[in-house]
$ cat data26.cif   # mmCIF, C-alpha atoms and all ligand atoms
data_query
loop_
_atom_site.group_PDB
_atom_site.id
_atom_site.type_symbol
_atom_site.label_atom_id
_atom_site.label_comp_id
_atom_site.auth_asym_id
_atom_site.auth_seq_id
_atom_site.Cartn_x
_atom_site.Cartn_y
_atom_site.Cartn_z
ATOM 1 C CA MET A 1 3.829 -24.492 -29.036
ATOM 2 C CA SER A 2 6.407 -26.302 -26.916
ATOM 3 C CA PHE A 3 9.369 -24.437 -25.497
ATOM 4 C CA ASP A 4 12.455 -25.359 -23.556
ATOM 5 C CA TYR A 5 11.549 -24.036 -20.092
ATOM 6 C CA GLY A 6 14.233 -26.331 -18.651
ATOM 7 C CA LYS A 7 16.691 -23.756 -19.953
ATOM 8 C CA TYR A 8 15.526 -21.377 -17.215
ATOM 9 C CA ILE A 9 15.476 -23.926 -14.356
ATOM 10 C CA ARG A 10 18.362 -24.891 -12.089
ATOM 11 C CA MET A 11 17.763 -28.625 -12.325
ATOM 12 C CA GLU A 12 20.244 -29.301 -9.533
ATOM 13 C CA LYS A 13 17.829 -27.504 -7.144
ATOM 14 C CA MET A 14 14.955 -29.901 -7.834
ATOM 15 C CA PRO A 15 12.532 -30.848 -6.375
ATOM 16 C CA PHE A 16 10.704 -27.577 -5.717
ATOM 17 C CA LEU A 17 9.742 -27.057 -2.082
ATOM 18 C CA TRP A 18 6.205 -25.915 -2.962
ATOM 19 C CA CYS A 19 3.160 -27.907 -1.866
ATOM 20 C CA PRO A 20 1.722 -30.054 -4.678
ATOM 21 C CA GLY A 21 -0.760 -27.927 -6.660
ATOM 22 C CA CYS A 22 0.596 -24.573 -5.444
ATOM 23 C CA GLY A 23 -0.094 -21.773 -7.928
ATOM 24 C CA ILE A 24 3.504 -20.550 -7.833
ATOM 25 C CA GLY A 25 4.538 -23.330 -10.244
ATOM 26 C CA ILE A 26 2.055 -22.012 -12.830
ATOM 27 C CA VAL A 27 3.376 -18.473 -12.381
ATOM 28 C CA ALA A 28 7.003 -19.601 -12.771
ATOM 29 C CA LYS A 29 6.206 -21.542 -15.932
ATOM 30 C CA ALA A 30 4.358 -18.546 -17.428
ATOM 31 C CA LEU A 31 7.367 -16.356 -16.630
ATOM 32 C CA TYR A 32 9.802 -18.785 -18.302
ATOM 33 C CA LYS A 33 7.545 -18.949 -21.355
ATOM 34 C CA ALA A 34 7.531 -15.137 -21.522
ATOM 35 C CA PHE A 35 11.370 -15.092 -21.340
ATOM 36 C CA ALA A 36 11.517 -17.627 -24.172
ATOM 37 C CA ASP A 37 8.999 -15.683 -26.298
ATOM 38 C CA LEU A 38 11.056 -12.533 -25.891
ATOM 39 C CA GLY A 39 14.231 -14.427 -26.824
ATOM 40 C CA TRP A 40 15.924 -13.453 -23.560
ATOM 41 C CA GLU A 41 19.046 -15.411 -22.705
ATOM 42 C CA ASN A 42 19.768 -16.436 -19.114
ATOM 43 C CA ASN A 43 22.483 -13.839 -18.676
ATOM 44 C CA ASP A 44 20.208 -11.029 -19.950
ATOM 45 C CA ILE A 45 17.997 -11.394 -16.863
ATOM 46 C CA ALA A 46 18.489 -10.400 -13.224
ATOM 47 C CA MET A 47 15.834 -11.800 -10.895
ATOM 48 C CA VAL A 48 15.477 -10.522 -7.342
ATOM 49 C CA SER A 49 13.259 -11.597 -4.465
ATOM 50 C CA GLY A 50 12.689 -11.138 -0.755
ATOM 51 C CA ILE A 51 11.497 -13.997 1.451
ATOM 52 C CA GLY A 52 8.452 -16.249 1.137
ATOM 53 C CA CYS A 53 7.236 -19.240 -0.892
ATOM 54 C CA THR A 54 6.923 -17.018 -3.981
ATOM 55 C CA SER A 55 10.394 -15.625 -3.456
ATOM 56 C CA ARG A 56 11.811 -19.119 -3.866
ATOM 57 C CA VAL A 57 11.293 -18.848 -7.634
ATOM 58 C CA THR A 58 14.529 -16.892 -7.697
ATOM 59 C CA GLY A 59 16.537 -19.775 -6.232
ATOM 60 C CA TYR A 60 15.208 -22.146 -8.892
ATOM 61 C CA THR A 61 15.733 -19.849 -11.873
ATOM 62 C CA ASN A 62 18.811 -20.116 -14.018
ATOM 63 C CA CYS A 63 19.740 -16.465 -14.522
ATOM 64 C CA ASN A 64 21.494 -13.780 -12.454
ATOM 65 C CA THR A 65 19.663 -14.068 -9.131
ATOM 66 C CA LEU A 66 19.588 -12.346 -5.780
ATOM 67 C CA HIS A 67 17.525 -13.839 -2.944
ATOM 68 C CA THR A 68 17.497 -11.010 -0.425
ATOM 69 C CA THR A 69 15.739 -10.090 2.826
ATOM 70 C CA HIS A 70 12.010 -9.914 3.504
ATOM 71 C CA GLY A 71 10.401 -6.924 1.751
ATOM 72 C CA ARG A 72 13.618 -5.488 0.379
ATOM 73 C CA ALA A 73 13.756 -6.980 -3.123
ATOM 74 C CA LEU A 74 13.011 -3.648 -4.795
ATOM 75 C CA THR A 75 15.907 -1.874 -3.106
ATOM 76 C CA PHE A 76 18.368 -4.466 -4.450
ATOM 77 C CA ALA A 77 16.613 -4.504 -7.832
ATOM 78 C CA THR A 78 16.877 -0.703 -8.054
ATOM 79 C CA GLY A 79 20.615 -0.886 -7.387
ATOM 80 C CA ILE A 80 21.068 -3.526 -10.077
ATOM 81 C CA LYS A 81 19.061 -1.561 -12.641
ATOM 82 C CA ILE A 82 21.016 1.630 -11.999
ATOM 83 C CA ALA A 83 24.376 -0.164 -12.169
ATOM 84 C CA ARG A 84 23.415 -2.392 -15.116
ATOM 85 C CA PRO A 85 20.579 -0.799 -17.112
ATOM 86 C CA ASP A 86 21.279 -3.354 -19.873
ATOM 87 C CA LYS A 87 19.839 -6.168 -17.708
ATOM 88 C CA HIS A 88 16.146 -7.051 -17.622
ATOM 89 C CA VAL A 89 15.332 -6.824 -13.919
ATOM 90 C CA VAL A 90 12.450 -8.891 -12.551
ATOM 91 C CA VAL A 91 11.153 -9.050 -8.976
ATOM 92 C CA MET A 92 9.168 -12.098 -7.825
ATOM 93 C CA ALA A 93 7.162 -11.257 -4.725
ATOM 94 C CA GLY A 94 4.401 -12.475 -2.466
ATOM 95 C CA ASP A 95 1.651 -10.083 -1.314
ATOM 96 C CA GLY A 96 3.011 -9.999 2.248
ATOM 97 C CA ASP A 97 6.577 -9.453 1.143
ATOM 98 C CA ILE A 98 5.971 -6.548 -1.215
ATOM 99 C CA LEU A 99 2.855 -4.871 0.211
ATOM 100 C CA ALA A 100 3.356 -5.180 3.990
ATOM 101 C CA ILE A 101 7.019 -4.976 5.069
ATOM 102 C CA GLY A 102 8.003 -3.907 1.526
ATOM 103 C CA GLY A 103 5.050 -1.585 0.907
ATOM 104 C CA ASN A 104 7.067 1.600 1.174
ATOM 105 C CA HIS A 105 9.620 0.422 -1.390
ATOM 106 C CA PHE A 106 6.793 -0.663 -3.658
ATOM 107 C CA ILE A 107 5.011 2.694 -3.850
ATOM 108 C CA HIS A 108 8.240 4.617 -4.366
ATOM 109 C CA SER A 109 9.384 2.253 -7.115
ATOM 110 C CA CYS A 110 6.040 2.865 -8.854
ATOM 111 C CA ARG A 111 6.546 6.622 -8.432
ATOM 112 C CA ARG A 112 10.037 6.511 -9.955
ATOM 113 C CA ASN A 113 8.916 4.479 -12.957
ATOM 114 C CA ILE A 114 12.139 2.510 -12.935
ATOM 115 C CA ASP A 115 12.315 -0.191 -15.603
ATOM 116 C CA ILE A 116 11.662 -3.192 -13.352
ATOM 117 C CA THR A 117 8.902 -5.790 -13.665
ATOM 118 C CA VAL A 118 7.193 -7.025 -10.514
ATOM 119 C CA ILE A 119 5.351 -10.341 -10.636
ATOM 120 C CA LEU A 120 3.141 -10.054 -7.570
ATOM 121 C CA ASN A 121 1.849 -13.506 -6.649
ATOM 122 C CA ASN A 122 -1.282 -12.651 -4.685
ATOM 123 C CA ASN A 123 -2.324 -15.744 -2.765
ATOM 124 C CA HIS A 124 -4.023 -13.557 -0.132
ATOM 125 C CA ILE A 125 -1.953 -14.830 2.794
ATOM 126 C CA TYR A 126 1.527 -15.283 4.268
ATOM 127 C CA GLY A 127 2.080 -18.803 2.950
ATOM 128 C CA MET A 128 5.581 -19.610 4.120
ATOM 129 C CA THR A 129 5.203 -18.591 7.745
ATOM 130 C CA GLY A 130 1.932 -20.364 8.528
ATOM 131 C CA GLY A 131 -1.016 -18.347 7.216
ATOM 132 C CA GLN A 132 -0.951 -14.934 8.887
ATOM 133 C CA TYR A 133 -3.214 -12.380 7.163
ATOM 134 C CA SER A 134 -1.613 -10.018 4.657
ATOM 135 C CA PRO A 135 -2.621 -6.659 3.107
ATOM 136 C CA THR A 136 -4.606 -8.572 0.455
ATOM 137 C CA THR A 137 -6.477 -10.997 2.732
ATOM 138 C CA PRO A 138 -10.165 -10.280 2.063
ATOM 139 C CA GLN A 139 -12.232 -8.815 4.887
ATOM 140 C CA GLY A 140 -13.953 -11.607 6.772
ATOM 141 C CA ALA A 141 -11.571 -14.338 5.553
ATOM 142 C CA TYR A 142 -9.941 -16.586 8.141
ATOM 143 C CA ALA A 143 -6.216 -16.638 8.807
ATOM 144 C CA ALA A 144 -3.903 -17.938 11.537
ATOM 145 C CA THR A 145 -3.914 -14.425 13.014
ATOM 146 C CA ALA A 146 -7.622 -13.852 12.270
ATOM 147 C CA PRO A 147 -9.367 -16.919 13.708
ATOM 148 C CA TYR A 148 -12.713 -15.040 13.827
ATOM 149 C CA GLY A 149 -12.286 -13.377 10.417
ATOM 150 C CA ASN A 150 -10.078 -10.578 9.123
ATOM 151 C CA VAL A 151 -11.192 -7.060 10.099
ATOM 152 C CA ASP A 152 -8.732 -5.106 7.904
ATOM 153 C CA PRO A 153 -9.888 -3.898 4.474
ATOM 154 C CA CYS A 154 -7.549 -5.148 1.758
ATOM 155 C CA PHE A 155 -5.554 -3.340 -0.925
ATOM 156 C CA ASP A 156 -6.628 -3.375 -4.542
ATOM 157 C CA VAL A 157 -3.180 -3.997 -6.068
ATOM 158 C CA VAL A 158 -4.148 -2.546 -9.452
ATOM 159 C CA GLU A 159 -5.533 0.720 -8.047
ATOM 160 C CA LEU A 160 -2.597 1.058 -5.657
ATOM 161 C CA SER A 161 -0.036 0.561 -8.446
ATOM 162 C CA LYS A 162 -1.776 3.018 -10.773
ATOM 163 C CA ALA A 163 -2.144 5.677 -8.092
ATOM 164 C CA ALA A 164 1.511 5.333 -7.064
ATOM 165 C CA GLY A 165 2.727 5.796 -10.661
ATOM 166 C CA ALA A 166 3.366 2.387 -12.263
ATOM 167 C CA THR A 167 3.109 2.636 -16.047
ATOM 168 C CA TYR A 168 2.024 -0.937 -16.890
ATOM 169 C CA VAL A 169 -0.489 -2.662 -14.650
ATOM 170 C CA ALA A 170 -2.147 -5.988 -15.393
ATOM 171 C CA ARG A 171 -3.969 -8.730 -13.531
ATOM 172 C CA GLY A 172 -4.040 -12.407 -14.434
ATOM 173 C CA THR A 173 -4.757 -15.626 -12.598
ATOM 174 C CA VAL A 174 -3.344 -19.129 -12.264
ATOM 175 C CA ALA A 175 -6.629 -20.370 -13.757
ATOM 176 C CA ASN A 176 -5.693 -18.969 -17.194
ATOM 177 C CA ALA A 177 -2.014 -19.593 -17.919
ATOM 178 C CA VAL A 178 -2.221 -18.496 -21.570
ATOM 179 C CA LEU A 179 -3.487 -15.023 -20.664
ATOM 180 C CA LEU A 180 -0.985 -14.860 -17.814
ATOM 181 C CA GLU A 181 1.928 -15.539 -20.188
ATOM 182 C CA LYS A 182 0.767 -12.727 -22.460
ATOM 183 C CA LEU A 183 0.386 -10.236 -19.605
ATOM 184 C CA ILE A 184 3.813 -11.096 -18.229
ATOM 185 C CA ARG A 185 5.416 -10.898 -21.679
ATOM 186 C CA ASN A 186 3.924 -7.439 -22.307
ATOM 187 C CA GLY A 187 4.926 -6.278 -18.827
ATOM 188 C CA LEU A 188 8.518 -7.453 -19.349
ATOM 189 C CA ALA A 189 8.661 -5.712 -22.717
ATOM 190 C CA HIS A 190 7.279 -2.450 -21.295
ATOM 191 C CA ARG A 191 9.849 0.298 -20.647
ATOM 192 C CA GLY A 192 9.051 1.508 -17.116
ATOM 193 C CA PHE A 193 7.740 0.075 -13.872
ATOM 194 C CA SER A 194 5.372 -2.789 -14.583
ATOM 195 C CA VAL A 195 3.231 -4.717 -12.142
ATOM 196 C CA ILE A 196 1.520 -7.987 -12.988
ATOM 197 C CA GLU A 197 -0.741 -9.125 -10.179
ATOM 198 C CA VAL A 198 -1.418 -12.849 -10.295
ATOM 199 C CA ILE A 199 -4.402 -14.175 -8.358
ATOM 200 C CA SER A 200 -3.029 -17.450 -7.079
ATOM 201 C CA ASN A 201 -3.874 -20.322 -4.755
ATOM 202 C CA CYS A 202 -2.355 -21.161 -1.418
ATOM 203 C CA HIS A 203 -4.743 -23.990 -0.530
ATOM 204 C CA THR A 204 -2.426 -25.066 2.297
ATOM 205 C CA GLN A 205 -2.619 -21.894 4.359
ATOM 206 C CA PHE A 206 -5.509 -19.859 2.914
ATOM 207 C CA GLY A 207 -7.781 -22.491 1.375
ATOM 208 C CA ARG A 208 -7.592 -24.848 4.346
ATOM 209 C CA ARG A 209 -9.008 -22.118 6.598
ATOM 210 C CA ASN A 210 -11.567 -20.889 4.075
ATOM 211 C CA ARG A 211 -13.409 -24.040 3.004
ATOM 212 C CA GLN A 212 -11.192 -24.720 -0.048
ATOM 213 C CA PRO A 213 -8.476 -27.139 1.136
ATOM 214 C CA GLU A 214 -7.766 -28.568 -2.347
ATOM 215 C CA ALA A 215 -5.744 -26.791 -5.025
ATOM 216 C CA MET A 216 -8.343 -27.401 -7.746
ATOM 217 C CA GLN A 217 -11.180 -26.099 -5.552
ATOM 218 C CA MET A 218 -9.312 -22.829 -5.214
ATOM 219 C CA ILE A 219 -8.342 -22.625 -8.877
ATOM 220 C CA ASN A 220 -11.934 -23.325 -9.962
ATOM 221 C CA GLU A 221 -13.240 -20.672 -7.576
ATOM 222 C CA ILE A 222 -10.711 -18.167 -8.989
ATOM 223 C CA LYS A 223 -11.931 -19.080 -12.493
ATOM 224 C CA GLU A 224 -15.573 -18.549 -11.534
ATOM 225 C CA ARG A 225 -14.817 -15.135 -10.067
ATOM 226 C CA THR A 226 -12.750 -13.955 -13.062
ATOM 227 C CA VAL A 227 -14.162 -11.282 -15.382
ATOM 228 C CA PRO A 228 -12.281 -10.204 -18.546
ATOM 229 C CA LEU A 229 -11.832 -6.432 -18.849
ATOM 230 C CA ALA A 230 -14.111 -6.087 -21.906
ATOM 231 C CA ARG A 231 -17.020 -7.644 -19.979
ATOM 232 C CA ALA A 232 -16.221 -5.748 -16.774
ATOM 233 C CA GLU A 233 -16.518 -2.430 -18.624
ATOM 234 C CA LYS A 234 -20.213 -3.167 -19.227
ATOM 235 C CA MET A 235 -20.910 -4.137 -15.601
ATOM 236 C CA GLN A 236 -21.948 -2.044 -12.604
ATOM 237 C CA PRO A 237 -19.509 -1.623 -9.666
ATOM 238 C CA GLU A 238 -21.791 -3.636 -7.370
ATOM 239 C CA GLU A 239 -21.795 -6.524 -9.870
ATOM 240 C CA LEU A 240 -17.994 -6.529 -9.780
ATOM 241 C CA TYR A 241 -17.766 -6.886 -6.003
ATOM 242 C CA GLY A 242 -15.612 -9.943 -5.174
ATOM 243 C CA LYS A 243 -14.662 -10.453 -8.830
ATOM 244 C CA PHE A 244 -11.172 -10.500 -10.368
ATOM 245 C CA VAL A 245 -11.095 -8.228 -13.400
ATOM 246 C CA VAL A 246 -8.283 -9.514 -15.619
ATOM 247 C CA GLY A 247 -6.337 -8.162 -18.568
ATOM 248 C CA GLU A 248 -4.037 -5.287 -19.341
ATOM 249 C CA LEU A 249 -5.624 -2.686 -17.080
ATOM 250 C CA TYR A 250 -3.372 0.359 -17.418
ATOM 251 C CA ARG A 251 -0.573 1.644 -19.617
ATOM 252 C CA ALA A 252 1.126 5.047 -19.626
ATOM 253 C CA ASN A 253 4.226 6.682 -21.042
ATOM 254 C CA ARG A 254 6.420 8.561 -18.608
ATOM 255 C CA PRO A 255 10.185 9.166 -18.469
ATOM 256 C CA GLU A 256 12.002 6.100 -17.165
ATOM 257 C CA TYR A 257 14.111 6.552 -14.038
ATOM 258 C CA THR A 258 17.530 5.216 -15.110
ATOM 259 C CA GLU A 259 17.381 7.295 -18.322
ATOM 260 C CA GLU A 260 16.562 10.439 -16.316
ATOM 261 C CA TYR A 261 19.288 9.582 -13.827
ATOM 262 C CA GLU A 262 21.837 9.204 -16.651
ATOM 263 C CA ARG A 263 20.741 12.520 -18.172
ATOM 264 C CA MET A 264 21.308 14.278 -14.826
ATOM 265 C CA ARG A 265 24.656 12.535 -14.348
ATOM 266 C CA LYS A 266 25.853 13.789 -17.746
ATOM 267 C CA LYS A 267 24.586 17.299 -16.970
ATOM 268 C CA ALA A 268 26.441 17.342 -13.660
ATOM 269 C CA LEU A 269 29.583 16.023 -15.325
ATOM 270 C CA ALA A 270 29.441 18.672 -18.079
ATOM 271 C CA LYS A 271 29.013 21.433 -15.491
ATOM 272 C CA HIS A 272 31.929 20.115 -13.465
ATOM 273 C CA GLN A 273 34.189 19.893 -16.545
ATOM 274 C CA THR A 274 33.304 23.462 -17.615
ATOM 275 C CA LYS A 275 34.258 24.733 -14.158
ATOM 276 C CA GLY A 276 37.557 22.787 -14.217
HETATM 277 C C1 LIG B 301 12.280 -9.084 8.762
HETATM 278 C C2 LIG B 301 11.504 -10.363 8.636
HETATM 279 N N1 LIG B 301 10.270 -10.404 9.171
HETATM 280 C C3 LIG B 301 9.536 -11.534 9.048
HETATM 281 C C4 LIG B 301 10.049 -12.619 8.388
HETATM 282 C C5 LIG B 301 9.244 -13.882 8.312
HETATM 283 N N2 LIG B 301 8.625 -14.074 7.004
HETATM 284 C C6 LIG B 301 9.232 -14.789 6.038
HETATM 285 S S1 LIG B 301 8.298 -14.968 4.663
HETATM 286 C C7 LIG B 301 7.029 -14.082 5.376
HETATM 287 C C8 LIG B 301 5.720 -13.842 4.687
HETATM 288 C C9 LIG B 301 5.606 -14.463 3.350
HETATM 289 O O1 LIG B 301 4.352 -14.169 2.793
HETATM 290 P P1 LIG B 301 4.182 -13.643 1.333
HETATM 291 O O2 LIG B 301 5.133 -12.572 1.042
HETATM 292 O O3 LIG B 301 2.754 -13.327 1.114
HETATM 293 O O4 LIG B 301 4.673 -14.861 0.436
HETATM 294 P P2 LIG B 301 4.137 -16.362 0.247
HETATM 295 O O5 LIG B 301 4.915 -17.199 1.226
HETATM 296 O O6 LIG B 301 2.670 -16.366 0.501
HETATM 297 O O7 LIG B 301 4.497 -16.649 -1.164
HETATM 298 C C10 LIG B 301 7.359 -13.654 6.666
HETATM 299 C C11 LIG B 301 6.483 -12.880 7.564
HETATM 300 C C12 LIG B 301 11.350 -12.532 7.846
HETATM 301 N N3 LIG B 301 11.897 -13.533 7.156
HETATM 302 N N4 LIG B 301 12.051 -11.384 7.984
HETATM 303 S S1 LIG B 302 2.287 -22.851 1.761
HETATM 304 FE FE1 LIG B 302 0.921 -22.056 0.171
HETATM 305 S S2 LIG B 302 2.169 -20.607 -1.043
HETATM 306 FE FE2 LIG B 302 3.567 -21.928 0.151
HETATM 307 S S3 LIG B 302 4.069 -23.626 -1.249
HETATM 308 FE FE3 LIG B 302 2.335 -24.289 0.020
HETATM 309 S S4 LIG B 302 0.508 -23.777 -1.210
HETATM 310 FE FE4 LIG B 302 2.241 -22.622 -2.049
#

$ encode --input "data26.cif" --output "structure tokens"
Amino acid sequence: MSFDYGKYIRMEKMPFLWCPGCGIGIVAKALYKAFADLGWENNDIAMVSGIGCTSRVTGYTNCNTLHTTHGRALTFATGIKIARPDKHVVVMAGDGDILAIGGNHFIHSCRRNIDITVILNNNHIYGMTGGQYSPTTPQGAYAATAPYGNVDPCFDVVELSKAAGATYVARGTVANAVLLEKLIRNGLAHRGFSVIEVISNCHTQFGRRNRQPEAMQMINEIKERTVPLARAEKMQPEELYGKFVVGELYRANRPEYTEEYERMRKKALAKHQTKG
């Protein structure tokens, strides 16, 4: 079904700065489709980002936007959600932005279960700044700062989010936009902290150094390594090594932060008024 994604784009900002074939375009389109499916108007949404290629989505999106400093999107997003709980707050983030410099904010936002949706575009590298390795660069992969291969083990975004307290966790890829739209839509609709990890391609900085310099090479490789959750459940852990298990991977119900905060505020107010 066609939809008017132009409604969510600031046409005056065109053209996008992304390299041709970059996965971020697919992620942005899936996000706009999810907004349209949910019937969200431009002014219903507040989108926040830090710095990076992924973070540029915010500048191109026609809604209430805040393009902040590297790693700090969740601090601004938390402030917005507390001040305006009526807004749908979305954070667009790269793996470096939200898991390295912003890692501390990320785990504590998961713990609070604040009603914010994070779209974590995992292209396994710092794209914007020239291909330094990030917390999701696979061990052994090459990067500008790992010319002989990366020694650091990488985070599993799904396990990290679950362990820290997020209440909706999903993984999709740029190789399956239809599934990605559904995962994003369900994450946006979820009341609580939701994380949608998107396995994406940065052929310019990651692929070029790892024998996949073309966008389609990377996207095809992502497709080959993708395993839907139902199939993964029948596989052994060793068979899943190096694979991307996709789908809605975790859901939980826990009190949401702004509601709890409001409850405490009212309690404090009542106590104060009784004393007065
Ligand atoms: C405090 C600070 N440190 C470092 C930078 C430089 N910087 C800008 S974007 C970026 C990394 C971006 O990588 P990622 O978040 O993975 O996003 P991508 O570009 O891959 O989408 C870095 C290190 C900065 N802008 N501010
Ligand atoms: S450097 Fe990588 S992440 Fe940035 S626009 Fe180019 S392909 Fe995309």

$ closest_residue --input "data26.cif" --among "A:Val158, A:Val227, A:Leu269, A:Cys19" --to "Val195 of chain A" --atoms "all atoms listed in the file"
A:Val158

$ residues_near_ligand --input "data26.cif" --ligand "ligand LIG 302 (chain B)" --cutoff "6 Å" --atoms "all atoms listed in the file" --output "PyMOL selection string"
chain A and resi 18-19+22+53+127-128+202-205

$ closest_residue --input "data26.cif" --among "A:Gly21, A:Gly130, A:Gly6, A:Pro237" --to "ligand LIG 301 (chain B)" --atoms "all atoms listed in the file"
A:Gly130

$ atom_distance --input "data26.cif" --atom1 "atom CA of Arg191 of chain A" --atom2 "atom CA of Gly52 of chain A"
27.4 Å

$ residues_around --input "data26.cif" --residues "segment 97-108 of chain A" --least-positions-apart "2" --cutoff "7 Å" --atoms "all atoms listed in the file" --output "number ranges by chain"
A: 50-51, 70-72, 74-75, 93-95, 110-112, 134-135, 164

$ closest_residue --input "data26.cif" --among "A:Leu180, A:Val246, A:Val174, A:Ala141" --to "Glu221 of chain A" --atoms "all atoms listed in the file"
A:Val174

$ resolve_selection --input "data26.cif" --expression "the PyMOL selection byres (((chain A and resi 250-263) around 7) and not hetatm)" --output "PyMOL selection string"
chain A and resi 82+112-115+167-170+192+248-249+264-267

$ atom_distance --input "data26.cif" --atom1 "atom CA of Val48 of chain A" --atom2 "atom CA of Leu179 of chain A"
23.6 Å

$ atom_distance --input "data26.cif" --atom1 "atom CA of Asn150 of chain A" --atom2 "atom CA of Thr136 of chain A"
10.4 Å

$ residues_near_point --input "data26.cif" --point "(-2.6, -13.5, 8.1)" --cutoff "12 Å" --atoms "only C-alpha atoms" --output "MDAnalysis selection string"
chainID A and resid 95:96 100 123:152 154 205:206 209

$ closest_residue --input "data26.cif" --among "A:Lys33, A:Ala175, A:Ala83, A:Val198" --to "ligand LIG 301 (chain B)" --atoms "all atoms listed in the file"
A:Val198

$ closest_residue --input "data26.cif" --among "A:Ala230, A:Asn201, A:Ile196, A:Ala73" --to "Ile24 of chain A" --atoms "only C-alpha atoms"
A:Asn201

$ closest_residue --input "data26.cif" --among "A:Phe76, A:Tyr5, A:Ile199, A:Glu159" --to "ligand LIG 301 (chain B)" --atoms "only C-alpha atoms and all ligand atoms"
A:Ile199

$ axis_aligned_box --input "data26.cif" --around "ligand LIG 301 (chain B)" --padding-each-side "5 Å" --output "AutoDock Vina command-line options"
--center_x 7.5 --center_y -13.1 --center_z 4.0 --size_x 19.6 --size_y 18.1 --size_z 20.3

$ residues_around --input "data26.cif" --residues "Asp37 of chain A" --least-positions-apart "4" --cutoff "12 Å" --atoms "only C-alpha atoms" --output "ChimeraX atom specification"
/A:1-5,30-33,41,181-182,184-186,188-189

$ residues_around --input "data26.cif" --residues "Leu229 of chain A" --least-positions-apart "2" --cutoff "10 Å" --atoms "all atoms listed in the file" --output "list in words"
Arg171, Thr226, Val227, Arg231, Ala232, Glu233, Lys234, Met235, Phe244, Val245, Val246, Gly247, Glu248 and Leu249 of chain A

$ write_last_selection --input "data26.cif" --atoms "C-alpha atoms" --output "PDB file, in the frame of the given file"
ATOM      1  CA  ARG A 171      -3.969  -8.730 -13.531  1.00  0.00           C
ATOM      2  CA  THR A 226     -12.750 -13.955 -13.062  1.00  0.00           C
ATOM      3  CA  VAL A 227     -14.162 -11.282 -15.382  1.00  0.00           C
ATOM      4  CA  ARG A 231     -17.020  -7.644 -19.979  1.00  0.00           C
ATOM      5  CA  ALA A 232     -16.221  -5.748 -16.774  1.00  0.00           C
ATOM      6  CA  GLU A 233     -16.518  -2.430 -18.624  1.00  0.00           C
ATOM      7  CA  LYS A 234     -20.213  -3.167 -19.227  1.00  0.00           C
ATOM      8  CA  MET A 235     -20.910  -4.137 -15.601  1.00  0.00           C
ATOM      9  CA  PHE A 244     -11.172 -10.500 -10.368  1.00  0.00           C
ATOM     10  CA  VAL A 245     -11.095  -8.228 -13.400  1.00  0.00           C
ATOM     11  CA  VAL A 246      -8.283  -9.514 -15.619  1.00  0.00           C
ATOM     12  CA  GLY A 247      -6.337  -8.162 -18.568  1.00  0.00           C
ATOM     13  CA  GLU A 248      -4.037  -5.287 -19.341  1.00  0.00           C
ATOM     14  CA  LEU A 249      -5.624  -2.686 -17.080  1.00  0.00           C
TER      15      LEU A 249
END

$ decode --input "data26.cif" --residues "segment 185-216 of chain A" --atoms "C-alpha atoms" --output "short mmCIF file (atom, residue, chain, number, x, y, z; two decimals), in the first residue's frame"
data_model
loop_
_atom_site.label_atom_id
_atom_site.label_comp_id
_atom_site.auth_asym_id
_atom_site.auth_seq_id
_atom_site.Cartn_x
_atom_site.Cartn_y
_atom_site.Cartn_z
CA ARG A 185 5.42 0.20 14.56
CA ASN A 186 5.02 -2.21 17.49
CA GLY A 187 7.92 -0.59 19.34
CA LEU A 188 6.41 2.88 18.89
CA ALA A 189 3.04 1.64 20.10
CA HIS A 190 4.55 -0.05 23.17
CA ARG A 191 4.16 1.85 26.47
CA GLY A 192 7.66 1.80 27.99
CA PHE A 193 11.25 1.85 26.81
CA SER A 194 11.53 0.16 23.44
CA VAL A 195 14.66 -0.67 21.48
CA ILE A 196 14.64 -1.69 17.84
CA GLU A 197 18.09 -2.71 16.68
CA VAL A 198 18.48 -2.46 12.92
CA ILE A 199 21.34 -4.36 11.29
CA SER A 200 22.38 -1.92 8.61
CA ASN A 201 25.07 -1.34 6.00
CA CYS A 202 27.83 1.22 6.01
CA HIS A 203 29.63 -0.05 2.90
CA THR A 204 31.68 3.15 2.77
CA GLN A 205 33.45 2.78 6.10
CA PHE A 206 32.81 -0.81 7.24
CA GLY A 207 32.26 -2.70 3.99
CA ARG A 208 35.20 -1.11 2.19
CA ARG A 209 37.56 -2.47 4.86
CA ASN A 210 35.86 -5.85 5.14
CA ARG A 211 35.66 -7.09 1.54
CA GLN A 212 32.13 -5.72 0.90
CA PRO A 213 32.61 -2.27 -0.68
CA GLU A 214 29.20 -2.24 -2.43
CA ALA A 215 25.90 -1.56 -0.68
CA MET A 216 24.16 -4.58 -2.23
#
